[in-house]
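What follows is final_39.txt (compact mmCIF, C-alpha atoms and all ligand atoms).
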# COMPACT_ATOMS: atom_id res chain seq x y z
CA MET A 1 9.60 16.09 -84.05
CA LEU A 2 13.19 17.01 -84.83
CA ASN A 3 13.71 19.53 -87.61
CA LEU A 4 16.93 20.63 -89.26
CA PRO A 5 17.15 24.29 -90.38
CA ASP A 6 14.60 24.60 -93.15
CA PRO A 7 15.13 25.21 -96.01
CA LEU A 8 18.64 23.78 -96.29
CA PRO A 9 20.59 25.12 -99.31
CA PRO A 10 19.71 22.94 -102.35
CA GLY A 11 21.55 19.64 -102.47
CA VAL A 12 23.35 20.05 -99.13
CA LEU A 13 21.31 17.32 -97.42
CA HIS A 14 21.80 14.95 -100.36
CA VAL A 15 25.57 15.45 -100.59
CA PHE A 16 25.77 14.99 -96.81
CA ALA A 17 23.65 11.81 -97.14
CA ALA A 18 25.93 10.45 -99.90
CA VAL A 19 29.10 11.03 -97.83
CA LEU A 20 27.47 9.57 -94.72
CA GLY A 21 26.33 6.56 -96.79
CA LEU A 22 29.91 5.95 -98.02
CA ILE A 23 31.29 6.15 -94.46
CA PHE A 24 28.64 3.79 -93.05
CA GLY A 25 29.16 1.60 -96.14
CA SER A 26 32.82 1.21 -95.20
CA PHE A 27 31.73 0.16 -91.70
CA VAL A 28 29.25 -2.36 -93.20
CA THR A 29 32.00 -3.94 -95.37
CA ALA A 30 34.16 -4.48 -92.26
CA LEU A 31 31.22 -5.66 -90.13
CA THR A 32 30.01 -8.18 -92.72
CA TYR A 33 33.54 -9.56 -93.13
CA ARG A 34 34.27 -9.82 -89.40
CA LEU A 35 30.94 -10.83 -87.83
CA PRO A 36 30.49 -14.21 -89.62
CA ARG A 37 34.17 -15.04 -88.93
CA GLY A 38 33.87 -14.28 -85.21
CA ILE A 39 36.36 -11.38 -85.40
CA SER A 40 35.59 -8.51 -83.01
CA ILE A 41 34.56 -5.25 -84.68
CA ALA A 42 35.68 -3.23 -81.66
CA THR A 43 39.36 -4.16 -81.59
CA GLY A 44 42.17 -4.38 -84.10
CA ARG A 45 42.72 -2.41 -87.28
CA SER A 46 41.64 -3.79 -90.62
CA ALA A 47 44.40 -5.69 -92.40
CA CYS A 48 44.92 -7.29 -95.80
CA PRO A 49 43.70 -10.92 -95.40
CA ALA A 50 46.52 -12.10 -97.73
CA CYS A 51 49.68 -10.38 -96.38
CA GLY A 52 48.42 -9.10 -93.00
CA THR A 53 49.59 -5.50 -93.61
CA ALA A 54 47.52 -3.13 -91.44
CA LEU A 55 45.44 -0.76 -93.56
CA THR A 56 46.18 2.96 -93.14
CA ALA A 57 43.86 5.93 -93.61
CA ARG A 58 44.71 6.15 -97.34
CA ASP A 59 43.57 2.51 -97.82
CA LEU A 60 40.25 3.14 -96.11
CA VAL A 61 38.72 6.00 -98.11
CA PRO A 62 35.45 4.45 -99.35
CA VAL A 63 35.42 3.54 -103.09
CA PHE A 64 38.33 5.91 -103.92
CA SER A 65 41.01 3.73 -102.25
CA TRP A 66 39.78 0.71 -104.19
CA LEU A 67 39.82 2.66 -107.49
CA MET A 68 43.20 4.31 -106.73
CA HIS A 69 44.87 0.95 -106.09
CA ARG A 70 42.99 -0.68 -109.00
CA GLY A 71 41.22 -3.18 -106.71
CA ALA A 72 44.44 -4.68 -105.30
CA CYS A 73 46.37 -4.61 -102.01
CA ARG A 74 48.99 -1.81 -102.06
CA THR A 75 51.62 -4.11 -100.45
CA CYS A 76 51.16 -7.59 -101.94
CA GLY A 77 48.99 -6.88 -105.00
CA THR A 78 46.33 -9.46 -104.03
CA LYS A 79 42.96 -8.63 -105.58
CA VAL A 80 40.53 -6.86 -103.22
CA SER A 81 36.96 -8.07 -103.82
CA TRP A 82 34.52 -5.75 -105.61
CA ARG A 83 32.15 -6.37 -102.66
CA TYR A 84 33.86 -3.44 -100.85
CA PRO A 85 33.16 -0.62 -103.34
CA ALA A 86 29.81 -2.24 -104.28
CA ILE A 87 28.52 -2.16 -100.68
CA GLU A 88 29.80 1.42 -100.21
CA VAL A 89 28.15 2.68 -103.42
CA LEU A 90 24.89 0.85 -102.56
CA MET A 91 24.86 2.48 -99.12
CA ALA A 92 25.47 5.96 -100.60
CA LEU A 93 22.62 5.39 -103.10
CA LEU A 94 20.20 4.22 -100.39
CA PHE A 95 21.08 7.21 -98.17
CA VAL A 96 20.52 9.68 -101.05
CA ILE A 97 17.21 8.04 -102.08
CA ALA A 98 16.00 8.17 -98.45
CA ALA A 99 17.04 11.86 -98.19
CA LEU A 100 15.18 12.62 -101.45
CA PHE A 101 11.90 10.95 -100.46
CA VAL A 102 11.61 11.26 -96.67
CA ARG A 103 10.62 14.81 -95.70
CA ASP A 104 10.22 14.28 -91.94
CA HIS A 105 13.67 14.54 -90.39
CA SER A 106 12.91 12.25 -87.42
CA ARG A 107 11.81 9.48 -89.79
CA LEU A 108 14.82 10.13 -92.03
CA ILE A 109 17.25 9.71 -89.10
CA VAL A 110 15.58 6.42 -88.08
CA ILE A 111 15.76 5.13 -91.69
CA LEU A 112 19.43 6.17 -92.03
CA ALA A 113 20.17 4.34 -88.76
CA ALA A 114 18.30 1.21 -89.90
CA THR A 115 19.79 1.10 -93.43
CA PRO A 116 23.35 -0.07 -92.50
CA ILE A 117 21.84 -2.86 -90.34
CA MET A 118 19.56 -3.92 -93.22
CA VAL A 119 22.40 -3.92 -95.77
CA ALA A 120 24.65 -5.85 -93.34
CA LEU A 121 21.93 -8.49 -92.80
CA SER A 122 21.43 -8.81 -96.59
CA VAL A 123 25.15 -9.19 -97.28
CA VAL A 124 25.67 -11.81 -94.53
CA ASP A 125 22.58 -13.73 -95.70
CA ILE A 126 23.78 -13.75 -99.34
CA GLU A 127 27.38 -14.67 -98.44
CA HIS A 128 26.76 -17.05 -95.51
CA ARG A 129 22.99 -17.90 -95.59
CA ARG A 130 22.69 -16.60 -92.03
CA LEU A 131 20.82 -13.77 -90.34
CA PRO A 132 22.80 -13.13 -87.12
CA ASN A 133 20.56 -12.53 -84.09
CA VAL A 134 22.69 -9.56 -83.01
CA LEU A 135 21.88 -7.72 -86.27
CA THR A 136 18.19 -8.74 -86.24
CA GLY A 137 18.05 -7.49 -82.61
CA CYS A 138 19.56 -4.12 -83.61
CA LEU A 139 17.02 -3.89 -86.44
CA ALA A 140 14.19 -4.62 -83.95
CA VAL A 141 15.31 -1.57 -81.92
CA ALA A 142 15.32 0.55 -85.11
CA ALA A 143 11.87 -0.88 -85.99
CA ILE A 144 10.48 0.20 -82.61
CA ALA A 145 12.00 3.68 -83.12
CA SER A 146 10.43 3.78 -86.59
CA ARG A 147 7.04 2.88 -85.08
CA TYR A 148 7.49 5.59 -82.47
CA VAL A 149 7.90 8.28 -85.15
CA THR A 150 5.00 6.99 -87.29
CA ASP A 151 1.89 5.98 -85.28
CA ALA A 152 3.38 4.91 -81.89
CA ASP A 153 0.81 2.06 -81.78
CA PHE A 154 2.94 -0.41 -79.82
CA VAL A 155 0.01 -2.71 -78.92
CA SER A 156 -0.76 -3.34 -82.62
CA ALA A 157 2.98 -3.71 -83.26
CA ALA A 158 3.37 -6.44 -80.62
CA VAL A 159 0.23 -8.33 -81.75
CA ALA A 160 1.27 -8.12 -85.42
CA ALA A 161 4.84 -9.25 -84.62
CA ALA A 162 3.53 -12.34 -82.77
CA ALA A 163 0.98 -13.14 -85.52
CA VAL A 164 3.55 -12.75 -88.32
CA PHE A 165 6.07 -14.92 -86.44
CA ALA A 166 3.45 -17.69 -86.04
CA PHE A 167 2.54 -17.36 -89.75
CA ALA A 168 6.24 -17.58 -90.73
CA VAL A 169 6.74 -20.72 -88.61
CA ILE A 170 3.75 -22.36 -90.33
CA LEU A 171 5.14 -21.29 -93.75
CA ASP A 172 8.48 -22.84 -92.78
CA HIS A 173 6.85 -26.20 -91.94
CA VAL A 174 4.70 -26.20 -95.10
CA GLY A 175 7.72 -25.20 -97.24
CA ARG A 176 9.86 -27.99 -95.81
CA ARG A 177 7.13 -30.56 -96.46
CA LEU A 178 6.18 -29.46 -99.96
CA ILE A 179 9.33 -28.11 -101.64
CA ARG A 180 12.04 -29.06 -99.12
CA GLN A 181 12.82 -25.37 -98.71
CA GLY A 182 11.75 -23.82 -95.41
CA LEU A 183 11.89 -20.17 -94.47
CA GLY A 184 14.27 -20.70 -91.57
CA MET A 185 14.01 -19.14 -88.13
CA GLY A 186 16.21 -16.19 -89.13
CA ASP A 187 13.65 -15.22 -91.78
CA ALA A 188 10.74 -15.76 -89.32
CA LYS A 189 12.37 -13.40 -86.78
CA LEU A 190 13.07 -10.87 -89.54
CA MET A 191 9.43 -10.95 -90.68
CA SER A 192 8.24 -10.22 -87.14
CA VAL A 193 10.64 -7.24 -87.05
CA VAL A 194 8.92 -5.99 -90.24
CA ALA A 195 5.61 -6.28 -88.35
CA LEU A 196 7.06 -4.21 -85.48
CA ALA A 197 8.09 -1.45 -87.90
CA LEU A 198 5.01 -1.05 -90.12
CA PRO A 199 1.31 -0.25 -89.51
CA THR A 200 -1.16 -2.92 -90.78
CA GLY A 201 -1.74 -1.61 -94.36
CA PRO A 202 1.91 -1.07 -95.30
CA LEU A 203 2.79 -4.32 -93.45
CA LEU A 204 0.49 -6.43 -95.64
CA LEU A 205 1.82 -4.70 -98.78
CA ALA A 206 5.43 -5.22 -97.64
CA LEU A 207 4.89 -8.92 -96.86
CA GLY A 208 3.22 -9.43 -100.26
CA CYS A 209 6.09 -7.59 -101.93
CA ALA A 210 8.65 -9.65 -99.94
CA GLY A 211 6.89 -12.87 -101.07
CA CYS A 212 7.09 -11.84 -104.75
CA LEU A 213 10.73 -10.73 -104.43
CA GLY A 214 11.45 -13.99 -102.58
CA VAL A 215 10.06 -16.07 -105.46
CA VAL A 216 12.19 -14.07 -107.96
CA THR A 217 15.27 -14.51 -105.70
CA GLY A 218 14.55 -18.24 -105.46
CA LEU A 219 14.34 -18.64 -109.25
CA LEU A 220 17.50 -16.57 -109.88
CA TRP A 221 19.42 -18.32 -107.08
CA ARG A 222 18.42 -21.80 -108.22
CA GLY A 223 19.36 -20.85 -111.80
CA GLY A 224 22.88 -19.86 -110.73
CA HIS A 225 23.59 -22.77 -108.36
CA PRO A 226 23.61 -26.57 -108.65
CA VAL A 227 20.29 -28.21 -107.63
CA GLY A 228 20.03 -28.63 -103.85
CA ALA A 229 23.52 -27.20 -103.29
CA THR A 230 22.53 -24.14 -101.29
CA GLN A 231 19.65 -22.69 -99.35
CA VAL A 232 18.08 -19.65 -100.95
CA PRO A 233 18.69 -16.43 -98.95
CA PHE A 234 15.26 -14.79 -98.42
CA GLY A 235 16.52 -12.07 -96.05
CA PRO A 236 17.36 -9.55 -98.82
CA ALA A 237 13.80 -9.84 -100.28
CA ILE A 238 12.20 -9.22 -96.86
CA LEU A 239 14.61 -6.34 -96.11
CA LEU A 240 14.17 -4.65 -99.49
CA ALA A 241 10.37 -4.74 -99.06
CA LEU A 242 10.71 -3.26 -95.54
CA TRP A 243 13.12 -0.55 -96.70
CA ILE A 244 10.83 0.54 -99.57
CA ALA A 245 7.82 0.59 -97.21
CA MET A 246 9.71 2.67 -94.61
CA VAL A 247 10.80 5.22 -97.24
CA ALA A 248 7.38 5.36 -98.96
CA LEU A 249 5.32 5.58 -95.73
ZN ZN B 1 48.22 -7.58 -99.00
Output the structure of this file as C-alpha cells.
Ligand SMILES: [Zn+2]
Amino acid sequence: MLNLPDPLPPGVLHVFAAVLGLIFGSFVTALTYRLPRGISIATGRSACPACGTALTARDLVPVFSWLMHRGACRTCGTKVSWRYPAIEVLMALLFVIAALFVRDHSRLIVILAATPIMVALSVVDIEHRRLPNVLTGCLAVAAIASRYVTDADFVSAAVAAAAVFAFAVILDHVGRRLIRQGLGMGDAKLMSVVALALPTGPLLLALGCAGCLGVVTGLLWRGGHPVGATQVPFGPAILLALWIAMVAL
C-alpha cells in the first residue's frame, strides 16, 4: 500500500485536493464539450465558440477566469455558460470530500482518478443523454483498480458484473414494456462497472441507492420537461451511488 508522509501538516492534503479538483474540473469541462461533438481532446487549443479567439492561460484559470470576466468572453462579450465554473467547483468539492473521508492513500488515488471520469459521464448523460463507451471503458479500468486495492476478488467481480448486466437488460425490457422508459445499454454497461468496483454488500446497497436516486431523477426530470420529450438520464444516479460507496467503503 502506498503511503504519503504521515502525518501531513493539517489541511495540506485538503488544499492540494481542492486545487487538483479545480484543475481536473477544467479538463472535464473541455472533455464534456468536445467528446459529444467529435472534437479531439488531444489537439487544438480551446477557443471561444462564438468568435473563435483562442483562449490564453489567463482565460483558463478554473473558476477565477469566469468570475474575473463576469461570465463572458473577453473578446466578443458572449456569455460563457455557468456549466464551466459549476463543474470545476463540483470537482473541487468531490476531491476535498474524498480526501477528508478516505484514509488509505492507495484507495484515495484510485477514487481521485475515477472521479473526473464519473463527473464527465454524468455531464454528458445530462446534456446529451449518452454514456460514451470510451468513458465507461476508462471507468471500468478504474473500477478494477479500485477492486485491487479493496479485496482483489476478481472472480466475484466478473461474476457480479455479468449478473448485474443480465439484470439490467431484463430491467430495460420490462421498463420499455410497462412505462415506455428503458434503462438503455449505456446504463446497463455502467451498472456492470459498478459491480466490478464493489464487493457484494456495498454493491447491493449502491444498486438500491441508485434505484431510489433514479426514481427521484425521473420525477424531477419529467417535471421539468414536456411529456415524452426526452429520455431520463439515469447515469448520474448510478454514478453518485457508486461514488458514495467507494468513498464510504
Ligand atoms: Zn468570443
Counting all atoms listed in the file, which protein, DNA or RNA residues come within 9 Å of ligand ZN 1 (chain B), given as a ChimeraX atom specification? /A:47-54,72-80
List as a list in words the protein and nucleic acid residues near Leu90 in chain A, meaning an atom at most 9 Å away when all atoms listed in the file are counted, but skip any in the same chain fewer than 2 places from it. Gly21, Leu22, Gly25, Pro85, Ala86, Ile87, Glu88, Ala92, Leu93, Leu94, Phe95 and Val119 of chain A
(7.6, 10.7, -83.6) in this file's frame - what residues fall within 10 Å of it? Use all atoms listed in the file and give the answer as an NGL selection string. :A and (1-2 or 104-107 or 145-152)
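Comparing the minimum interatomic distances between Val194 in chain A and each of A:Ser122, A:Ser81, A:Thr56, A:Thr136, counting all atoms listed in the file, we find that A:Thr136 sits nearest.
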Residue neighbourhood Val89 in chain A, 12 Å, all atoms listed in the file, exclusion window fewer than 5 positions, as number ranges by chain: A: 17-26, 28-29, 62-64, 66, 82-84, 94-96, 119
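Residues with at least one atom no more than 9 Å from (31.6, -7.8, -95.3), using all atoms listed in the file, are Phe27, Val28, Thr29, Ala30, Leu31, Thr32, Tyr33, Arg34, Leu35, Pro36, Arg83, Tyr84, Ile87, Ala120, Val123, Val124 and Glu127 of chain A.
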